[in-house]
Structures are given as structure tokens and as C-alpha cells.
Amino acid sequence: MNNSFFRLKSFFTYWLDAVDEHSLHSPFFFELYTKTIKSKTTDARSIEQLRQKLLLDNRRIEVTDFGSGSFYSRGSMPRIRDIARTSLSPKKYAQLYQRIIDRFQCENILELGTSLGINTLYLASRATSRVSTFEGSPAISETARALFVTAGADNISIVTGDIDQTLPEHLTGVMKIDFAFMDANHRYTPTLNYFEKLLQKVHEQSVVVLDDIHYSFEMEKAWTAIQHHPQVYATADLFRCGLVFFDPSLNRQHHVLQF
């Protein structure tokens, strides 16, 4: 099935199933939805100004893509503005991730798939947090690194290379993960492999966000598998992304939420 048609079909199903706070009986999800998901981020002008600069940047860089889901093939030379247009997390969602990190006071943050670094800056907005972000393409990694310097974000570490190799190496030196954002590969098996690796370091109050859960049949299949994983106790489907929780007190809840 064509991915565009698949996403349209998936969105129709999501639209039929999605609920708001009036249908949420869980105190945890009611509070999360009303105070975090539906809330507004107060000030993100500086990050959004950097996004606008990327959207106007005509420089060409070489893309090395180790995953699936990129608009560009290995060795292609797209303009930075085109990568920004197709690959950056939308403002609405990036700000949501920032609010989730604030809500759960996440300190140790991991991002799989840096892209040009706008989403990373949102993840790093909490001054006491440390963000480790992983990017497969060296040229994209260097562009993001320059962005972090411009933004004065000294709490971000970028790891460049094939995530299949760099992630296991990195996790050996990590005590715990409070928040993880997964946007590195849009295939079923790698997505589940990365998730299993992250599970070694999550705890009951951790949050994992899986991006593009309805991007394709493979991603939807991966999302379903994660929902049914024995270490997962609750999930929330916001169409573009899925939120994953590990607290046993949540008693196996799965919600489709309007956003």
C-alpha cells in the first residue's frame, strides 16, 4: 500500500477513535491531557527563529542515511532548507515534548535521529537536563552541532555514526534514561531493536516517545508491538507520535487522544 494512502487511512481511523478529557477516567491521563498535552508552551521564539533560518538556508550538504523514512537517498545533496521542510518535528509536537520533559522533570534525555537539531533544542530547554542525540549522517550532524553552538546549548552531546553501533556503545555508560525520543528508523525490526535497547535503562517514571507511528504499515506494526510489550503499562496515540509509560500502577491503559 502506498504510504500516503496508508497515512490517510490511518488518520481517518485515528479521527474516529480520538477522545478528549471528557472521556478520560484515568486520573493520570486526565491530568496529563489537561495540564500538559493541551497546554501551551510560553516562549519558544528563539528556537523558532533558528528554524526559520534553516528554512531559508540554500547550502547543499551530502546526506548519509542509515535508516529508512528519509526523503533523500544515500549520497544525495539536498539543500538545508529542503531537509528542514521535510524532516524537522513540527513546532506543535516539539513544544509538546518540551512540556512532557518539564512535567516529569526529566534529566537524562536521549534522542535517536537528530536531523538539523531543532527538536533537540526543545528537548534541551530544561537547564538541568543533559541530552544525548544520535545522527547517522556526518554532514547533518555538523549542521546541527553548529546550530547548538549558535543557540548556546551546552547541555547537548551529539553522537555521529550508524546508530546500530553507536547506541549500544553509548548505553554502556548510561545509568538511566528519563526521556527518549525515537525518530531514527522507520522500519519494524530496527525500531523494536532500538526500543529493546532503551528498555535496559528506563525506569517506572520514564517516558519514551515514538515518532511517526502511522507513517507506514511497518511503523504501525512496531507501535502495536510496543503497546503490547510486557514492560509497557500505558500508551497514548497522538497520531504523529505515541507516548509510552512504564509505571505498573497505570494498569495497562491505551488511549487515542485528540491533539
# chains A, B, ... in the order shown; residues from 1 in each chain; ligands from 1

$ closest_atom_pairs --of "stretch 134-181 of chain A" --to "stretch 225-246 of chain A" --cutoff "10 Å" --atoms "only C-alpha atoms" --output "CSV"
residue,atom,partner,partner_atom,distance
A:Phe179,CA,A:Val244,CA,10.0
A:Ala180,CA,A:Val244,CA,9.7
A:Phe181,CA,A:Leu243,CA,9.5

$ write_last_selection --atoms "N, CA and C atoms" --output "PDB file, in the first residue's frame"
ATOM      1  N   PHE A 179      13.826  10.238  29.569  1.00  0.00           N
ATOM      2  CA  PHE A 179      13.009  10.558  28.395  1.00  0.00           C
ATOM      3  C   PHE A 179      13.788  10.149  27.154  1.00  0.00           C
ATOM      4  N   ALA A 180      13.122   9.471  26.227  1.00  0.00           N
ATOM      5  CA  ALA A 180      13.749   9.107  24.960  1.00  0.00           C
ATOM      6  C   ALA A 180      12.807   9.434  23.815  1.00  0.00           C
ATOM      7  N   PHE A 181      13.387   9.964  22.745  1.00  0.00           N
ATOM      8  CA  PHE A 181      12.630  10.294  21.537  1.00  0.00           C
ATOM      9  C   PHE A 181      13.190   9.468  20.389  1.00  0.00           C
TER      10      PHE A 181
END

$ select_by_dssp --residues "stretch 9-159 of chain A" --states "strand (DSSP E)" --output "number ranges by chain"
A: 108-112, 130-135, 156-159

$ residues_around --residues "stretch 124-133 of chain A" --least-positions-apart "3" --cutoff "8 Å" --atoms "only C-alpha atoms" --output "ChimeraX atom specification"
/A:98,101-102,106-114,120-121,153,155-159

$ closest_residue --among "A:Gln95, A:Gln258, A:Gln49, A:Ser89" --to "A:Gly117" --atoms "only C-alpha atoms"
A:Ser89

$ residues_around --residues "A:Gln200" --least-positions-apart "3" --cutoff "10 Å" --atoms "only C-alpha atoms" --output "number ranges by chain"
A: 171-172, 174-177, 195-197, 203

$ atom_distance --atom1 "atom CA of A:Ser23" --atom2 "atom CA of A:Val256"
10.5 Å

$ select_by_dssp --residues "stretch 34-129 of chain A" --states "alpha helix (DSSP H)" --output "PyMOL selection string"
chain A and resi 45-55+80-87+91-103+118-123

$ atom_distance --atom1 "atom CA of A:Tyr122" --atom2 "atom CA of A:Lys91"
9.4 Å

$ closest_residue --among "A:Lys221, A:Ser87, A:Leu147, A:Lys201" --to "A:Asp183" --atoms "only C-alpha atoms"
A:Ser87

$ residues_around --residues "A:Lys35" --least-positions-apart "4" --cutoff "10 Å" --atoms "only C-alpha atoms" --output "list in words"
Phe29, Phe30, Glu31, Ser39, Lys40, Arg99, Ile100 and Arg103 of chain A

$ closest_atom_pairs --of "stretch 157-231 of chain A" --to "stretch 7-16 of chain A" --cutoff "9 Å" --atoms "only C-alpha atoms" --output "Markdown table"
| residue | atom | partner | partner_atom | distance |
| --- | --- | --- | --- | --- |
| A:His214 | CA | A:Arg7 | CA | 6.0 |
| A:Tyr215 | CA | A:Arg7 | CA | 5.9 |
| A:Ser216 | CA | A:Arg7 | CA | 6.8 |
| A:Phe217 | CA | A:Arg7 | CA | 8.9 |

$ write_last_selection --atoms "N, CA and C atoms" --output "PDB file, in the first residue's frame"
ATOM      1  N   HIS A 214       2.228   6.229  12.566  1.00  0.00           N
ATOM      2  CA  HIS A 214       1.322   5.851  11.479  1.00  0.00           C
ATOM      3  C   HIS A 214       1.920   6.196  10.111  1.00  0.00           C
ATOM      4  N   TYR A 215       3.256   6.281  10.061  1.00  0.00           N
ATOM      5  CA  TYR A 215       3.947   6.618   8.823  1.00  0.00           C
ATOM      6  C   TYR A 215       3.777   5.538   7.758  1.00  0.00           C
ATOM      7  N   SER A 216       3.763   4.288   8.188  1.00  0.00           N
ATOM      8  CA  SER A 216       3.706   3.164   7.261  1.00  0.00           C
ATOM      9  C   SER A 216       3.159   1.947   7.993  1.00  0.00           C
ATOM     10  N   PHE A 217       2.898   0.892   7.240  1.00  0.00           N
ATOM     11  CA  PHE A 217       2.435  -0.355   7.849  1.00  0.00           C
ATOM     12  C   PHE A 217       3.455  -0.870   8.853  1.00  0.00           C
TER      13      PHE A 217
END

$ residues_around --residues "A:Glu62" --least-positions-apart "3" --cutoff "8 Å" --atoms "only C-alpha atoms" --output "short mmCIF file (atom, residue, chain, number, x, y, z; two decimals) with N, CA and C atoms, in the first residue's frame"
data_model
loop_
_atom_site.label_atom_id
_atom_site.label_comp_id
_atom_site.auth_asym_id
_atom_site.auth_seq_id
_atom_site.Cartn_x
_atom_site.Cartn_y
_atom_site.Cartn_z
N GLY A 75 24.06 9.72 -0.26
CA GLY A 75 24.92 10.42 -1.20
C GLY A 75 24.24 11.56 -1.93
N SER A 76 22.97 11.81 -1.69
CA SER A 76 22.31 12.92 -2.36
C SER A 76 22.76 14.25 -1.73
N MET A 77 22.49 15.36 -2.42
CA MET A 77 22.97 16.67 -1.99
C MET A 77 21.80 17.65 -1.89
N PRO A 78 20.90 17.47 -0.98
CA PRO A 78 19.77 18.38 -0.85
C PRO A 78 20.18 19.70 -0.21
N ALA A 139 27.29 15.08 7.73
CA ALA A 139 27.05 16.46 7.32
C ALA A 139 25.86 17.06 8.07
N ILE A 140 24.82 16.27 8.25
CA ILE A 140 23.67 16.75 9.02
C ILE A 140 24.07 16.95 10.48
#

$ closest_residue --among "A:Val63, A:Val19, A:Val207, A:Ala44" --to "A:Ile80" --atoms "only C-alpha atoms"
A:Val63

$ decode --residues "stretch 118-163 of chain A" --atoms "N, CA and C atoms" --output "short mmCIF file (atom, residue, chain, number, x, y, z; two decimals), in the first residue's frame"
data_model
loop_
_atom_site.label_atom_id
_atom_site.label_comp_id
_atom_site.auth_asym_id
_atom_site.auth_seq_id
_atom_site.Cartn_x
_atom_site.Cartn_y
_atom_site.Cartn_z
N ILE A 118 16.60 21.12 15.60
CA ILE A 118 15.57 21.97 16.19
C ILE A 118 14.84 21.23 17.32
N ASN A 119 14.42 20.01 17.06
CA ASN A 119 13.75 19.23 18.10
C ASN A 119 14.67 19.03 19.30
N THR A 120 15.96 18.83 19.03
CA THR A 120 16.94 18.63 20.10
C THR A 120 16.97 19.84 21.04
N LEU A 121 16.91 21.04 20.46
CA LEU A 121 16.93 22.25 21.28
C LEU A 121 15.72 22.30 22.21
N TYR A 122 14.56 21.86 21.72
CA TYR A 122 13.38 21.79 22.60
C TYR A 122 13.60 20.78 23.72
N LEU A 123 14.18 19.63 23.39
CA LEU A 123 14.43 18.60 24.40
C LEU A 123 15.41 19.10 25.46
N ALA A 124 16.29 20.03 25.06
CA ALA A 124 17.34 20.53 25.96
C ALA A 124 16.94 21.82 26.66
N SER A 125 15.68 22.22 26.57
CA SER A 125 15.26 23.51 27.13
C SER A 125 15.35 23.56 28.65
N ARG A 126 15.21 22.41 29.27
CA ARG A 126 15.31 22.37 30.75
C ARG A 126 16.78 22.48 31.13
N ALA A 127 17.14 23.50 31.86
CA ALA A 127 18.54 23.83 32.10
C ALA A 127 19.32 22.70 32.77
N THR A 128 18.65 21.91 33.62
CA THR A 128 19.34 20.86 34.37
C THR A 128 19.41 19.53 33.62
N SER A 129 18.86 19.48 32.42
CA SER A 129 18.85 18.24 31.64
C SER A 129 20.12 18.09 30.81
N ARG A 130 20.44 16.86 30.50
CA ARG A 130 21.51 16.54 29.57
C ARG A 130 20.92 15.71 28.43
N VAL A 131 21.19 16.11 27.21
CA VAL A 131 20.64 15.44 26.03
C VAL A 131 21.76 14.79 25.24
N SER A 132 21.61 13.52 24.96
CA SER A 132 22.48 12.81 24.02
C SER A 132 21.66 12.53 22.77
N THR A 133 22.12 13.04 21.63
CA THR A 133 21.36 12.88 20.39
C THR A 133 22.20 12.18 19.35
N PHE A 134 21.57 11.29 18.58
CA PHE A 134 22.28 10.39 17.67
C PHE A 134 21.87 10.70 16.23
N GLU A 135 22.87 10.88 15.37
CA GLU A 135 22.61 11.18 13.96
C GLU A 135 23.54 10.35 13.08
N GLY A 136 22.97 9.74 12.04
CA GLY A 136 23.76 8.89 11.17
C GLY A 136 24.56 9.61 10.13
N SER A 137 24.10 10.78 9.67
CA SER A 137 24.75 11.49 8.57
C SER A 137 25.72 12.53 9.12
N PRO A 138 27.02 12.42 8.80
CA PRO A 138 28.01 13.37 9.33
C PRO A 138 27.72 14.82 8.96
N ALA A 139 27.29 15.08 7.73
CA ALA A 139 27.05 16.46 7.32
C ALA A 139 25.86 17.06 8.07
N ILE A 140 24.82 16.27 8.25
CA ILE A 140 23.67 16.75 9.02
C ILE A 140 24.07 16.95 10.48
N SER A 141 24.88 16.05 11.00
CA SER A 141 25.36 16.15 12.37
C SER A 141 26.14 17.45 12.58
N GLU A 142 27.01 17.79 11.64
CA GLU A 142 27.81 19.02 11.77
C GLU A 142 26.93 20.26 11.67
N THR A 143 25.90 20.21 10.82
CA THR A 143 24.98 21.33 10.72
C THR A 143 24.24 21.53 12.04
N ALA A 144 23.81 20.42 12.65
CA ALA A 144 23.13 20.50 13.94
C ALA A 144 24.08 21.00 15.02
N ARG A 145 25.32 20.54 14.99
CA ARG A 145 26.30 20.97 16.00
C ARG A 145 26.50 22.48 15.95
N ALA A 146 26.58 23.02 14.74
CA ALA A 146 26.73 24.47 14.59
C ALA A 146 25.51 25.20 15.13
N LEU A 147 24.33 24.61 14.94
CA LEU A 147 23.09 25.20 15.47
C LEU A 147 23.13 25.26 16.99
N PHE A 148 23.61 24.18 17.62
CA PHE A 148 23.68 24.14 19.08
C PHE A 148 24.62 25.22 19.61
N VAL A 149 25.73 25.44 18.90
CA VAL A 149 26.67 26.50 19.31
C VAL A 149 26.00 27.86 19.20
N THR A 150 25.30 28.08 18.09
CA THR A 150 24.59 29.35 17.90
C THR A 150 23.57 29.58 19.01
N ALA A 151 22.89 28.51 19.42
CA ALA A 151 21.86 28.62 20.45
C ALA A 151 22.44 28.67 21.85
N GLY A 152 23.73 28.42 21.99
CA GLY A 152 24.35 28.38 23.31
C GLY A 152 23.90 27.20 24.14
N ALA A 153 23.55 26.11 23.47
CA ALA A 153 23.04 24.90 24.16
C ALA A 153 24.22 24.00 24.50
N ASP A 154 24.77 24.18 25.69
CA ASP A 154 25.95 23.40 26.08
C ASP A 154 25.59 22.14 26.85
N ASN A 155 24.29 21.81 26.91
CA ASN A 155 23.88 20.57 27.58
C ASN A 155 23.48 19.49 26.58
N ILE A 156 23.98 19.61 25.34
CA ILE A 156 23.70 18.63 24.28
C ILE A 156 25.00 17.97 23.84
N SER A 157 24.99 16.64 23.77
CA SER A 157 26.10 15.88 23.20
C SER A 157 25.58 15.16 21.97
N ILE A 158 26.27 15.30 20.84
CA ILE A 158 25.82 14.67 19.61
C ILE A 158 26.74 13.50 19.28
N VAL A 159 26.13 12.36 18.96
CA VAL A 159 26.87 11.14 18.62
C VAL A 159 26.62 10.85 17.15
N THR A 160 27.68 10.81 16.36
CA THR A 160 27.56 10.66 14.91
C THR A 160 27.97 9.25 14.49
N GLY A 161 27.17 8.66 13.58
CA GLY A 161 27.50 7.34 13.06
C GLY A 161 26.28 6.44 13.01
N ASP A 162 26.49 5.23 12.58
CA ASP A 162 25.42 4.25 12.48
C ASP A 162 24.89 3.93 13.88
N ILE A 163 23.61 4.23 14.12
CA ILE A 163 23.04 4.06 15.45
C ILE A 163 23.05 2.60 15.89
#
